[in-house]
>>> print(open('structure-v6.txt').read())   # compact mmCIF, C-alpha atoms
# COMPACT_ATOMS: atom_id res chain seq x y z
CA MET A 17 -11.86 -13.01 -16.33
CA ASN A 18 -14.81 -13.30 -14.00
CA GLN A 19 -13.77 -16.48 -12.26
CA ALA A 20 -14.15 -17.13 -8.55
CA PRO A 21 -13.52 -19.97 -6.10
CA GLN A 22 -16.40 -22.37 -5.48
CA LEU A 23 -17.59 -21.41 -2.01
CA GLY A 24 -20.90 -21.72 -0.22
CA SER A 25 -23.33 -18.86 -0.52
CA LEU A 26 -22.81 -17.39 2.97
CA ALA A 27 -19.02 -17.72 2.75
CA ALA A 28 -19.02 -16.19 -0.73
CA MET A 29 -21.01 -13.19 0.51
CA ILE A 30 -18.69 -12.71 3.50
CA VAL A 31 -15.55 -12.95 1.34
CA ALA A 32 -17.04 -10.56 -1.25
CA PHE A 33 -17.90 -8.02 1.43
CA LEU A 34 -14.44 -8.22 3.04
CA VAL A 35 -12.60 -7.88 -0.27
CA LEU A 36 -14.73 -4.92 -1.35
CA ALA A 37 -14.32 -3.20 2.02
CA GLY A 38 -10.56 -3.66 1.93
CA ALA A 39 -10.31 -2.31 -1.61
CA THR A 40 -12.46 0.68 -0.63
CA MET A 41 -10.15 1.46 2.29
CA THR A 42 -7.11 1.24 0.02
CA LEU A 43 -8.71 3.52 -2.55
CA ILE A 44 -9.66 6.08 0.12
CA GLY A 45 -6.08 6.11 1.39
CA SER A 46 -4.57 6.60 -2.05
CA VAL A 47 -7.04 9.35 -3.00
CA GLY A 48 -6.03 11.10 0.21
CA LEU A 49 -2.40 10.79 -0.90
CA VAL A 50 -3.31 12.70 -4.05
CA ARG A 51 -5.62 15.30 -2.57
CA LEU A 52 -3.93 16.55 0.60
CA LYS A 53 -1.73 19.62 0.37
CA THR A 54 1.45 19.36 2.42
CA PHE A 55 3.85 16.48 2.93
CA ASN A 56 3.16 16.16 6.64
CA GLU A 57 -0.54 15.68 5.88
CA ARG A 58 0.19 13.28 3.06
CA VAL A 59 2.05 10.86 5.32
CA HIS A 60 -1.17 9.88 7.09
CA PRO A 61 -3.60 8.53 4.45
CA PRO A 62 -1.53 5.62 3.02
CA THR A 63 -1.58 4.00 6.45
CA ILE A 64 -5.34 3.45 6.01
CA GLY A 65 -4.54 1.16 3.11
CA SER A 66 -1.65 -0.56 4.82
CA SER A 67 -3.49 -1.20 8.09
CA SER A 68 -7.23 -1.69 7.69
CA GLY A 69 -7.31 -2.40 3.95
CA MET A 70 -4.56 -4.98 4.35
CA ALA A 71 -6.29 -6.52 7.39
CA LEU A 72 -9.65 -6.90 5.62
CA ILE A 73 -8.18 -8.45 2.47
CA VAL A 74 -5.95 -10.80 4.50
CA LEU A 75 -9.02 -11.87 6.51
CA ALA A 76 -10.93 -12.56 3.29
CA SER A 77 -7.98 -14.59 2.00
CA ILE A 78 -7.78 -16.60 5.25
CA ILE A 79 -11.51 -17.42 5.13
CA CYS A 80 -11.39 -18.30 1.43
CA PHE A 81 -8.36 -20.62 1.63
CA SER A 82 -9.53 -22.26 4.87
CA LEU A 83 -12.85 -23.18 3.25
CA LEU A 84 -11.29 -24.24 -0.05
CA ARG A 85 -8.90 -26.68 1.60
CA SER A 86 -11.25 -27.53 4.52
CA ARG A 87 -8.43 -27.04 7.02
CA PRO A 88 -7.19 -23.93 8.82
CA SER A 89 -4.90 -21.96 6.52
CA VAL A 90 -3.26 -19.10 8.31
CA HIS A 91 -0.13 -18.38 6.31
CA GLU A 92 -1.52 -14.96 5.36
CA ILE A 93 -0.91 -13.97 8.98
CA LEU A 94 2.75 -13.64 7.93
CA ILE A 95 1.91 -10.77 5.58
CA ALA A 96 -0.28 -9.08 8.19
CA VAL A 97 2.40 -9.25 10.90
CA PHE A 98 5.16 -8.14 8.54
CA VAL A 99 3.30 -5.14 7.10
CA THR A 100 2.03 -4.07 10.54
CA LEU A 101 5.55 -4.16 11.94
CA THR A 102 7.35 -2.46 9.06
CA THR A 103 5.01 0.37 8.03
CA PRO A 104 5.52 2.55 11.17
CA VAL A 105 9.29 2.00 10.99
CA THR A 106 9.58 3.13 7.38
CA PHE A 107 7.28 6.12 7.84
CA MET A 108 9.15 7.24 10.97
CA LEU A 109 12.42 7.12 9.02
CA LEU A 110 10.88 8.94 6.07
CA VAL A 111 9.36 11.72 8.18
CA ARG A 112 12.62 12.12 10.07
CA ALA A 113 14.48 12.49 6.79
CA ALA A 114 11.90 15.05 5.61
CA LEU A 115 12.26 17.04 8.84
CA TYR A 116 16.04 17.02 8.44
CA ARG A 117 15.76 18.27 4.86
CA ASP A 118 13.29 21.01 5.87
CA ARG A 119 15.62 22.16 8.61
CA ILE A 120 18.62 22.29 6.27
CA GLU A 121 16.63 24.30 3.75
CA LYS A 122 15.51 26.77 6.39
CA HIS A 123 19.02 27.33 7.69
CA SER A 124 20.99 27.54 4.48
CA GLY A 125 18.32 29.07 2.26
CA THR A 126 19.07 26.63 -0.54
CA SER A 127 16.96 23.69 -1.50
CA VAL A 128 18.35 20.17 -1.25
CA GLY A 129 18.00 18.33 -4.54
CA ASN A 130 14.93 20.32 -5.44
CA GLN A 131 14.40 22.41 -8.53
CA VAL A 132 11.59 24.57 -7.14
CA PRO A 133 12.89 27.89 -5.75
CA GLU A 134 12.27 28.78 -2.14
CA HIS A 135 9.84 31.65 -2.72
CA GLN A 136 7.53 29.54 -4.85
CA ASN A 137 7.50 26.61 -2.47
CA PRO A 138 7.74 27.99 1.06
CA ARG A 139 6.75 25.08 3.29
CA ASN A 140 5.82 22.10 1.24
CA MET B 18 -25.41 -17.01 -8.35
CA THR B 19 -23.34 -16.22 -5.28
CA VAL B 20 -20.22 -17.50 -7.03
CA GLU B 21 -20.93 -14.98 -9.77
CA LEU B 22 -21.42 -12.28 -7.12
CA LEU B 23 -18.08 -13.19 -5.59
CA GLY B 24 -16.44 -13.00 -9.01
CA TRP B 25 -17.85 -9.55 -9.69
CA ALA B 26 -16.89 -8.36 -6.20
CA ILE B 27 -13.30 -9.49 -6.70
CA THR B 28 -13.12 -7.88 -10.14
CA THR B 29 -14.51 -4.61 -8.75
CA ALA B 30 -12.00 -4.74 -5.91
CA GLN B 31 -9.19 -5.23 -8.41
CA VAL B 32 -10.36 -2.21 -10.40
CA MET B 33 -10.46 -0.12 -7.21
CA ILE B 34 -6.97 -1.22 -6.17
CA GLY B 35 -5.82 -0.43 -9.70
CA LEU B 36 -7.19 3.10 -9.32
CA ALA B 37 -5.36 3.36 -6.00
CA MET B 38 -2.14 2.31 -7.74
CA GLY B 39 -2.82 5.04 -10.31
CA CYS B 40 -3.12 7.61 -7.51
CA ALA B 41 0.19 6.45 -6.04
CA THR B 42 1.82 6.65 -9.48
CA TYR B 43 0.53 10.20 -9.86
CA ARG B 44 2.18 11.09 -6.56
CA ILE B 45 5.45 9.51 -7.74
CA LEU B 46 5.42 11.45 -11.01
CA ALA B 47 4.10 14.80 -9.77
CA GLY B 48 5.27 14.92 -6.16
CA PRO B 49 6.85 18.30 -5.57
CA ARG B 50 9.74 16.95 -3.51
CA ALA B 51 11.73 13.76 -3.17
CA GLN B 52 10.05 12.58 0.03
CA ASP B 53 6.64 12.74 -1.69
CA ARG B 54 7.94 10.43 -4.37
CA VAL B 55 9.26 7.97 -1.80
CA LEU B 56 5.86 8.04 -0.07
CA GLY B 57 4.13 7.31 -3.38
CA LEU B 58 6.52 4.43 -4.03
CA ASP B 59 5.75 2.86 -0.66
CA THR B 60 2.00 3.21 -1.27
CA LEU B 61 2.44 1.64 -4.71
CA TYR B 62 4.20 -1.35 -3.16
CA VAL B 63 1.46 -1.89 -0.57
CA ASN B 64 -1.27 -1.57 -3.22
CA GLY B 65 0.51 -4.03 -5.48
CA MET B 66 0.72 -6.49 -2.61
CA LEU B 67 -3.03 -6.18 -1.99
CA MET B 68 -3.69 -6.64 -5.71
CA LEU B 69 -1.70 -9.89 -5.64
CA LEU B 70 -3.71 -11.07 -2.61
CA THR B 71 -6.96 -10.51 -4.53
CA PHE B 72 -5.50 -12.44 -7.48
CA GLY B 73 -4.76 -15.26 -5.04
CA ILE B 74 -8.37 -15.27 -3.81
CA GLN B 75 -9.62 -15.21 -7.40
CA THR B 76 -7.58 -18.16 -8.65
CA GLY B 77 -7.32 -20.13 -5.41
CA ARG B 78 -3.58 -20.65 -5.76
CA THR B 79 -0.87 -20.16 -3.12
CA LEU B 80 1.65 -18.88 -5.65
CA TYR B 81 0.34 -15.32 -5.44
CA PHE B 82 0.71 -15.29 -1.67
CA GLU B 83 4.46 -15.88 -1.93
CA ALA B 84 4.78 -13.15 -4.55
CA ALA B 85 2.88 -10.77 -2.24
CA LEU B 86 5.24 -11.62 0.64
CA VAL B 87 8.29 -10.91 -1.54
CA ILE B 88 6.79 -7.62 -2.73
CA SER B 89 6.08 -6.43 0.81
CA LEU B 90 9.66 -7.31 1.81
CA LEU B 91 11.08 -5.41 -1.19
CA GLY B 92 8.86 -2.42 -0.42
CA PHE B 93 10.14 -2.27 3.14
CA VAL B 94 13.80 -2.51 2.10
CA GLY B 95 13.37 -0.01 -0.76
CA THR B 96 11.63 2.64 1.30
CA MET B 97 14.13 2.22 4.12
CA ALA B 98 17.10 2.61 1.75
CA LEU B 99 15.56 5.67 0.09
CA SER B 100 14.84 7.27 3.48
CA LYS B 101 18.43 6.69 4.55
CA PHE B 102 19.57 8.21 1.28
CA LEU B 103 17.40 11.31 1.77
CA MET B 104 18.70 11.67 5.30
CA ARG B 105 22.44 11.28 4.77
CA GLY B 106 23.11 11.24 1.06
CA GLU B 107 24.35 7.65 1.19
CA VAL B 108 22.69 4.36 1.98
CA ILE B 109 25.40 2.43 3.82
CA GLU B 110 27.70 4.44 6.04
>>> encode(input="structure-v6.txt", output="structure tokens")
Amino acid sequence: MNQAPQLGSLAAMIVAFLVLAGATMTLIGSVGLVRLKTFNERVHPPTIGSSSGMALIVLASIICFSLLRSRPSVHEILIAVFVTLTTPVTFMLLVRAALYRDRIEKHSGTSVGNQVPEHQNPRN
Amino acid sequence: MTVELLGWAITTAQVMIGLAMGCATYRILAGPRAQDRVLGLDTLYVNGMLMLLTFGIQTGRTLYFEAALVISLLGFVGTMALSKFLMRGEVIE
């Protein structure tokens, strides 16, 4: 269970710090997803995990694999570029869909695919 | 000694990312509306991808990197399709 790649001491400390920092960022983002109240607030915290958490863990992976193979290994850049490009697009689409649904609910007075009545759930 | 430290750091990071996946699962199960559930699903995909990256660092294999790439691609397509569905009621118009 507790296995690790054979790195030098300085490189091992750097990789350990980067991995722990990235995991902390991801955990902070997901706890924010649980704790915030309205949907428009809840859109923000997961982007901590998908920007800085992802960047720190990808950097740790780049350092680790470059030292293990003793040549530059940058294929993790693919993940970083892909996630950085796609996260804003998906969240823009999602928030636009949420705005559309809110507007329909406000106009017609009925809820769209939602079991909670309007008076219990005014602006969620 | 430092190799052991690196091993414990990676294990701790995996536990923390696992807790983050639990938070996202809570938001999927308990989210009051459909868009909250979609948001939780997207967060779950990103956290799973980061978990696979830490597995790749732990074992030193490239296999996990490809799995992480596929998972991030599936998360993007899934969230996009669900957003289109919430917007229009159908995915492909």
>>> residues_near_point(input="structure-v6.txt", point="(2.6, -3.4, 8.0)", cutoff="9 Å", atoms="only C-alpha atoms", output="PyMOL selection string")
(chain A and resi 63+66-67+70+95-104) or (chain B and resi 63+89)
>>> interface_residues(input="structure-v6.txt", of="chain B", to="chain A", cutoff="8 Å", atoms="all atoms listed in the file", output="short mmCIF file (atom, residue, chain, number, x, y, z; two decimals) with C-alpha atoms, in the frame of the given file")
data_model
loop_
_atom_site.label_atom_id
_atom_site.label_comp_id
_atom_site.auth_asym_id
_atom_site.auth_seq_id
_atom_site.Cartn_x
_atom_site.Cartn_y
_atom_site.Cartn_z
CA THR B 19 -23.34 -16.22 -5.28
CA VAL B 20 -20.22 -17.50 -7.03
CA GLU B 21 -20.93 -14.98 -9.77
CA LEU B 22 -21.42 -12.28 -7.12
CA LEU B 23 -18.08 -13.19 -5.59
CA GLY B 24 -16.44 -13.00 -9.01
CA TRP B 25 -17.85 -9.55 -9.69
CA ALA B 26 -16.89 -8.36 -6.20
CA ILE B 27 -13.30 -9.49 -6.70
CA THR B 28 -13.12 -7.88 -10.14
CA THR B 29 -14.51 -4.61 -8.75
CA ALA B 30 -12.00 -4.74 -5.91
CA GLN B 31 -9.19 -5.23 -8.41
CA MET B 33 -10.46 -0.12 -7.21
CA ILE B 34 -6.97 -1.22 -6.17
CA LEU B 36 -7.19 3.10 -9.32
CA ALA B 37 -5.36 3.36 -6.00
CA MET B 38 -2.14 2.31 -7.74
CA CYS B 40 -3.12 7.61 -7.51
CA ALA B 41 0.19 6.45 -6.04
CA TYR B 43 0.53 10.20 -9.86
CA ARG B 44 2.18 11.09 -6.56
CA PRO B 49 6.85 18.30 -5.57
CA ARG B 50 9.74 16.95 -3.51
CA ALA B 51 11.73 13.76 -3.17
CA GLN B 52 10.05 12.58 0.03
CA ASP B 53 6.64 12.74 -1.69
CA LEU B 56 5.86 8.04 -0.07
CA GLY B 57 4.13 7.31 -3.38
CA THR B 60 2.00 3.21 -1.27
CA VAL B 63 1.46 -1.89 -0.57
CA ASN B 64 -1.27 -1.57 -3.22
CA LEU B 67 -3.03 -6.18 -1.99
CA LEU B 70 -3.71 -11.07 -2.61
CA THR B 71 -6.96 -10.51 -4.53
CA GLY B 73 -4.76 -15.26 -5.04
CA ILE B 74 -8.37 -15.27 -3.81
CA GLN B 75 -9.62 -15.21 -7.40
CA THR B 76 -7.58 -18.16 -8.65
CA GLY B 77 -7.32 -20.13 -5.41
CA PHE B 82 0.71 -15.29 -1.67
CA ALA B 85 2.88 -10.77 -2.24
CA LEU B 86 5.24 -11.62 0.64
CA SER B 89 6.08 -6.43 0.81
CA PHE B 93 10.14 -2.27 3.14
CA THR B 96 11.63 2.64 1.30
CA MET B 97 14.13 2.22 4.12
CA SER B 100 14.84 7.27 3.48
CA LYS B 101 18.43 6.69 4.55
CA LEU B 103 17.40 11.31 1.77
CA MET B 104 18.70 11.67 5.30
#
>>> axis_aligned_box(input="structure-v6.txt", around="stretch 86-95 of chain B", padding_each_side="3 Å", output="JSON")
{"center_x": 9.5, "center_y": -5.8, "center_z": 0.2, "size_x": 14.6, "size_y": 17.6, "size_z": 11.9}
